[in-house]
Amino acid sequence: MIYFHQLLDVIQCRVVESIGEGVTSVKQGDLVVPTYVSECSECENCLSDKTNMCLKYPLNISGLMPNNTSRISVNGQMLYHGFSCSTWSEYTVVDANFVLKLDPAPLNLHHASFLSCGFSTGFGAPWKEAAIEEGSSVAVIGLGAVGLGVVEGSRMRGATKIIGIDKNQRRKEKGEAFGVTDFINPLFHSDKSVSELIKDSTGGMGVDYCFECTGLPQLINEALEATKIGKGKAIVIGVSNAPTLQINNFALLTGRTLKGSIFGGLKAKTDLPIVFEKWRNKEFQLDELLTHEVPMADITKAFQLLKHEDCVKVLLKI
């Protein structure tokens with residue numbers, strides 16, 4: 001186990017304070033990023049190029065450590081390890097298999113915090129999950145940090161038409177900064193569904209790939225319907241609390257594919273360092289993502305800012 005303290009971020013980027021018995025991958029003082037997916041480099045899935053879901057250290061949503069215990073508490077009451085990370089804290093304990101060691105210099109921690117989830121999840125989806133081809137047409141539903149990551153990843157993969165869909169008209173400018181070629185605000189077209197609007201923008205054909213980044217259940221079927229008959233692929237990235245979904249069976253029978261994705265298909269140790277390297281080489285810019293910065297004491301304000309039409313990403317400073 002690793003004991004570390006928060007340095008600065010929205011979610012991630014920490015300094016290792018101490019390590020437990022048997023930990024050799026990091027040492028005290030290392031700068032690391034906790035991740036909610038692991039990569040053992042040994043199991044069937046980790047050795048495959050088809051998934052980033054490790055079998056030996058699976059995605060943990062129980063809030064407990066791999067041995068079903070907790071290492072954190074307050075006033076004698078047990079706390080849970082949120083997605084193995086527990087990042088909204090000054091000190092916490094994380095399994096060594098869920099951290100990535102970073103090269104500390106040069107490193108802008110404001111931007112680095114966006115790369116552990118959020119933007120990286122979106123960036124990885126067209127690269128690792130969909131493996132889109134050069135010249136592809138892409139639609140991105142929701143232009144938050146994840147959606148903008150999809151736009152950037154699609155642009156770098158050579159997509160020639162990238163349609164951004166968002167109800168916030170101010171996201172048009174943000175989207176275009178990352179590579180959106182066509183912007184659709186559904187509020188201006190209340191007589192048509194999102195899938196119909198996307199098809200209108202593609203001569204009635206639909207897109208090769210559609211990425212759903214909002215988590216709204218009703219938009220998942222819209223994403224599927226918006227893709228080309230016979231070969232279209234809809235990738236679901238947004239998280240939904242809905243236990244079940246209504247999907248058009250005919251859309252599936254006619255050859256479209258619906259696929260879910262965790263962390264954009266990125267492997268923590270193999271792929272995430274590549275994303276960091278691309279950022280270091282200034283292959284993409286993250287300045288457009290950071291719109292607000294507040295101290296942890298004003299976290300209530302941070303939640304209010306998330307509803308503001310100018311907000312993309314809020315940086316919490318602990």
# chains A, B, ... in the order shown; residues from 1 in each chain; ligands from 1
>>> residues_around(residues="stretch 244-259 of chain A", least_positions_apart="4", cutoff="6 Å", atoms="only C-alpha atoms", output="list in words")
Asn221, Gly230, Lys231, Gly232, Lys233, Ala234 and Ile235 of chain A
>>> write_last_selection(atoms="N, CA and C atoms", output="mmCIF file, in the first residue's frame")
data_model
loop_
_atom_site.group_PDB
_atom_site.id
_atom_site.type_symbol
_atom_site.label_atom_id
_atom_site.label_comp_id
_atom_site.auth_asym_id
_atom_site.auth_seq_id
_atom_site.Cartn_x
_atom_site.Cartn_y
_atom_site.Cartn_z
ATOM 1 N N ASN A 221 -29.302 5.737 -26.961
ATOM 2 C CA ASN A 221 -29.976 5.225 -28.156
ATOM 3 C C ASN A 221 -29.845 6.215 -29.311
ATOM 4 N N GLY A 230 -25.144 -0.537 -41.027
ATOM 5 C CA GLY A 230 -24.219 -1.567 -41.461
ATOM 6 C C GLY A 230 -22.861 -1.564 -40.799
ATOM 7 N N LYS A 231 -22.352 -0.369 -40.424
ATOM 8 C CA LYS A 231 -20.995 -0.328 -39.870
ATOM 9 C C LYS A 231 -20.781 0.732 -38.797
ATOM 10 N N GLY A 232 -21.791 1.516 -38.500
ATOM 11 C CA GLY A 232 -21.624 2.582 -37.518
ATOM 12 C C GLY A 232 -21.362 2.051 -36.117
ATOM 13 N N LYS A 233 -20.568 2.804 -35.360
ATOM 14 C CA LYS A 233 -20.251 2.405 -33.988
ATOM 15 C C LYS A 233 -20.564 3.543 -33.016
ATOM 16 N N ALA A 234 -21.290 3.218 -31.958
ATOM 17 C CA ALA A 234 -21.582 4.179 -30.895
ATOM 18 C C ALA A 234 -20.807 3.763 -29.652
ATOM 19 N N ILE A 235 -20.024 4.675 -29.113
ATOM 20 C CA ILE A 235 -19.206 4.407 -27.934
ATOM 21 C C ILE A 235 -19.762 5.203 -26.767
#
>>> residues_around(residues="A:Gly153", least_positions_apart="4", cutoff="8 Å", atoms="only C-alpha atoms", output="ChimeraX atom specification")
/A:122-127,149,157
>>> write_last_selection(atoms="all heavy atoms", output="compact mmCIF listing (two decimals), in the first residue's frame")
# COMPACT_ATOMS: atom_id res chain seq x y z
N GLY A 122 -11.72 10.90 -22.77
CA GLY A 122 -12.21 11.26 -24.10
C GLY A 122 -11.16 11.05 -25.17
O GLY A 122 -11.45 10.50 -26.24
N PHE A 123 -9.94 11.45 -24.91
CA PHE A 123 -8.86 11.34 -25.89
C PHE A 123 -8.60 9.88 -26.25
O PHE A 123 -8.34 9.54 -27.41
CB PHE A 123 -7.59 11.97 -25.32
CG PHE A 123 -6.43 11.99 -26.28
CD1 PHE A 123 -6.33 12.98 -27.24
CD2 PHE A 123 -5.45 11.01 -26.24
CE1 PHE A 123 -5.26 13.01 -28.14
CE2 PHE A 123 -4.39 11.02 -27.13
CZ PHE A 123 -4.30 12.02 -28.08
N GLY A 124 -8.69 8.99 -25.27
CA GLY A 124 -8.41 7.59 -25.52
C GLY A 124 -9.48 6.88 -26.32
O GLY A 124 -9.19 5.92 -27.05
N ALA A 125 -10.73 7.34 -26.21
CA ALA A 125 -11.85 6.62 -26.84
C ALA A 125 -11.71 6.47 -28.35
O ALA A 125 -11.87 5.36 -28.87
CB ALA A 125 -13.16 7.29 -26.46
N PRO A 126 -11.43 7.53 -29.11
CA PRO A 126 -11.26 7.34 -30.56
C PRO A 126 -9.97 6.63 -30.92
O PRO A 126 -9.86 6.02 -31.98
CB PRO A 126 -11.28 8.78 -31.11
CG PRO A 126 -10.90 9.64 -29.96
CD PRO A 126 -11.42 8.95 -28.74
N TRP A 127 -8.99 6.69 -30.03
CA TRP A 127 -7.69 6.06 -30.27
C TRP A 127 -7.70 4.58 -29.89
O TRP A 127 -7.46 3.70 -30.74
CB TRP A 127 -6.62 6.83 -29.49
CG TRP A 127 -5.28 6.17 -29.37
CD1 TRP A 127 -4.67 5.35 -30.29
CD2 TRP A 127 -4.36 6.26 -28.26
NE1 TRP A 127 -3.44 4.94 -29.84
CE2 TRP A 127 -3.23 5.48 -28.59
CE3 TRP A 127 -4.39 6.93 -27.04
CZ2 TRP A 127 -2.13 5.35 -27.73
CZ3 TRP A 127 -3.30 6.82 -26.20
CH2 TRP A 127 -2.19 6.04 -26.54
N GLY A 149 -11.99 16.03 -25.16
CA GLY A 149 -10.93 15.05 -25.34
C GLY A 149 -11.20 14.16 -26.54
O GLY A 149 -10.29 13.83 -27.31
N ARG A 157 -6.47 11.59 -34.97
CA ARG A 157 -6.58 10.34 -35.71
C ARG A 157 -6.93 10.57 -37.18
O ARG A 157 -6.96 9.63 -37.96
CB ARG A 157 -7.65 9.45 -35.07
CG ARG A 157 -7.31 8.90 -33.71
CD ARG A 157 -6.35 7.76 -33.75
NE ARG A 157 -6.88 6.60 -34.49
CZ ARG A 157 -6.24 5.44 -34.61
NH1 ARG A 157 -5.04 5.30 -34.07
NH2 ARG A 157 -6.76 4.45 -35.29
>>> select_by_dssp(residues="stretch 80-225 of chain A", states="strand (DSSP E)", output="PyMOL selection string")
chain A and resi 91-94+99-101+137-141+161-165+182-184+209-212
>>> write_last_selection(atoms="C-alpha atoms", output="mmCIF file, in the first residue's frame")
data_model
loop_
_atom_site.group_PDB
_atom_site.id
_atom_site.type_symbol
_atom_site.label_atom_id
_atom_site.label_comp_id
_atom_site.auth_asym_id
_atom_site.auth_seq_id
_atom_site.Cartn_x
_atom_site.Cartn_y
_atom_site.Cartn_z
ATOM 1 C CA TYR A 91 -3.892 12.057 2.856
ATOM 2 C CA THR A 92 -5.107 8.666 1.746
ATOM 3 C CA VAL A 93 -4.023 5.083 1.113
ATOM 4 C CA VAL A 94 -3.977 3.482 -2.327
ATOM 5 C CA VAL A 99 -0.804 4.569 -9.313
ATOM 6 C CA LEU A 100 1.370 5.791 -12.158
ATOM 7 C CA LYS A 101 4.746 7.380 -11.434
ATOM 8 C CA SER A 137 -16.893 11.174 -39.625
ATOM 9 C CA VAL A 138 -17.452 11.580 -35.898
ATOM 10 C CA ALA A 139 -20.198 12.973 -33.662
ATOM 11 C CA VAL A 140 -19.560 13.900 -30.027
ATOM 12 C CA ILE A 141 -22.589 14.331 -27.753
ATOM 13 C CA LYS A 161 -15.827 15.733 -40.024
ATOM 14 C CA ILE A 162 -16.273 16.198 -36.279
ATOM 15 C CA ILE A 163 -19.762 17.199 -35.166
ATOM 16 C CA GLY A 164 -20.073 18.614 -31.654
ATOM 17 C CA ILE A 165 -23.479 18.520 -29.973
ATOM 18 C CA ASP A 182 -19.759 21.385 -37.213
ATOM 19 C CA PHE A 183 -21.652 22.463 -34.102
ATOM 20 C CA ILE A 184 -25.259 21.560 -33.290
ATOM 21 C CA TYR A 209 -18.556 6.916 -34.973
ATOM 22 C CA CYS A 210 -20.675 8.595 -32.326
ATOM 23 C CA PHE A 211 -19.404 9.156 -28.777
ATOM 24 C CA GLU A 212 -21.950 9.685 -25.997
#
>>> atom_distance(atom1="atom CA of A:Ser62", atom2="atom CA of A:Gly20")
22.2 Å
>>> closest_residue(among="A:Val239, A:Leu216, A:Leu290, A:Met205", to="A:Val314", atoms="only C-alpha atoms")
A:Leu290
>>> closest_residue(among="A:Ser116, A:Thr291, A:Ser48, A:Ser70", to="A:Thr35", atoms="only C-alpha atoms")
A:Ser116
>>> select_by_dssp(residues="stretch 36-163 of chain A", states="alpha helix (DSSP H)", output="number ranges by chain")
A: 109-112, 119-124, 145-156
>>> closest_residue(among="A:Gln169, A:Asn97, A:Asn75, A:Ser193", to="A:Thr24", atoms="only C-alpha atoms")
A:Asn97
>>> residues_around(residues="A:Ile237", least_positions_apart="3", cutoff="10 Å", atoms="only C-alpha atoms", output="ChimeraX atom specification")
/A:121-122,125,146-147,150,211-215,220,234,240,259-265
>>> write_last_selection(atoms="N, CA and C atoms", output="mmCIF file, in the first residue's frame")
data_model
loop_
_atom_site.group_PDB
_atom_site.id
_atom_site.type_symbol
_atom_site.label_atom_id
_atom_site.label_comp_id
_atom_site.auth_asym_id
_atom_site.auth_seq_id
_atom_site.Cartn_x
_atom_site.Cartn_y
_atom_site.Cartn_z
ATOM 1 N N THR A 121 -9.839 10.292 -20.795
ATOM 2 C CA THR A 121 -10.897 9.340 -21.117
ATOM 3 C C THR A 121 -11.443 9.614 -22.510
ATOM 4 N N GLY A 122 -11.719 10.896 -22.774
ATOM 5 C CA GLY A 122 -12.207 11.262 -24.100
ATOM 6 C C GLY A 122 -11.164 11.051 -25.173
ATOM 7 N N ALA A 125 -10.730 7.339 -26.211
ATOM 8 C CA ALA A 125 -11.845 6.622 -26.839
ATOM 9 C C ALA A 125 -11.714 6.472 -28.352
ATOM 10 N N VAL A 146 -14.528 15.660 -21.135
ATOM 11 C CA VAL A 146 -14.448 14.356 -21.798
ATOM 12 C C VAL A 146 -14.732 14.495 -23.289
ATOM 13 N N GLY A 147 -15.805 15.190 -23.615
ATOM 14 C CA GLY A 147 -16.165 15.374 -25.014
ATOM 15 C C GLY A 147 -15.097 16.108 -25.805
ATOM 16 N N VAL A 150 -12.462 13.762 -26.719
ATOM 17 C CA VAL A 150 -12.842 12.966 -27.895
ATOM 18 C C VAL A 150 -12.575 13.751 -29.172
ATOM 19 N N PHE A 211 -19.847 9.306 -30.161
ATOM 20 C CA PHE A 211 -19.404 9.156 -28.777
ATOM 21 C C PHE A 211 -20.380 9.872 -27.854
ATOM 22 N N GLU A 212 -20.987 9.121 -26.943
ATOM 23 C CA GLU A 212 -21.950 9.685 -25.997
ATOM 24 C C GLU A 212 -21.211 10.003 -24.695
ATOM 25 N N CYS A 213 -21.116 11.284 -24.354
ATOM 26 C CA CYS A 213 -20.280 11.721 -23.228
ATOM 27 C C CYS A 213 -21.066 12.336 -22.082
ATOM 28 N N THR A 214 -22.391 12.292 -22.122
ATOM 29 C CA THR A 214 -23.180 12.948 -21.082
ATOM 30 C C THR A 214 -23.658 11.979 -20.004
ATOM 31 N N GLY A 215 -23.871 10.725 -20.357
ATOM 32 C CA GLY A 215 -24.419 9.762 -19.408
ATOM 33 C C GLY A 215 -25.929 9.775 -19.339
ATOM 34 N N ILE A 220 -28.138 7.641 -25.295
ATOM 35 C CA ILE A 220 -27.361 6.479 -25.720
ATOM 36 C C ILE A 220 -27.988 5.857 -26.962
ATOM 37 N N ALA A 234 -21.290 3.218 -31.958
ATOM 38 C CA ALA A 234 -21.582 4.179 -30.895
ATOM 39 C C ALA A 234 -20.807 3.763 -29.652
ATOM 40 N N SER A 240 -23.932 6.658 -16.369
ATOM 41 C CA SER A 240 -25.355 6.767 -16.081
ATOM 42 C C SER A 240 -25.705 5.981 -14.820
ATOM 43 N N LYS A 259 -21.082 0.076 -27.865
ATOM 44 C CA LYS A 259 -20.010 -0.385 -26.975
ATOM 45 C C LYS A 259 -19.795 0.604 -25.839
ATOM 46 N N GLY A 260 -19.580 0.077 -24.655
ATOM 47 C CA GLY A 260 -19.251 0.920 -23.511
ATOM 48 C C GLY A 260 -17.750 1.026 -23.343
ATOM 49 N N SER A 261 -17.311 2.046 -22.612
ATOM 50 C CA SER A 261 -15.882 2.250 -22.435
ATOM 51 C C SER A 261 -15.577 2.840 -21.068
ATOM 52 N N ILE A 262 -14.596 2.257 -20.394
ATOM 53 C CA ILE A 262 -14.072 2.808 -19.147
ATOM 54 C C ILE A 262 -12.699 3.404 -19.429
ATOM 55 N N PHE A 263 -12.506 4.648 -19.014
ATOM 56 C CA PHE A 263 -11.223 5.344 -19.177
ATOM 57 C C PHE A 263 -10.799 5.414 -20.649
ATOM 58 N N GLY A 264 -11.787 5.388 -21.550
ATOM 59 C CA GLY A 264 -11.477 5.516 -22.970
ATOM 60 C C GLY A 264 -10.656 4.371 -23.536
ATOM 61 N N GLY A 265 -10.628 3.238 -22.810
ATOM 62 C CA GLY A 265 -9.837 2.103 -23.282
ATOM 63 C C GLY A 265 -8.356 2.221 -22.986
#
>>> atom_distance(atom1="atom CA of A:Ile274", atom2="atom CA of A:Leu47")
17.8 Å
>>> residues_around(residues="stretch 26-29 of chain A", least_positions_apart="5", cutoff="6 Å", atoms="only C-alpha atoms", output="PyMOL selection string")
chain A and resi 15-18
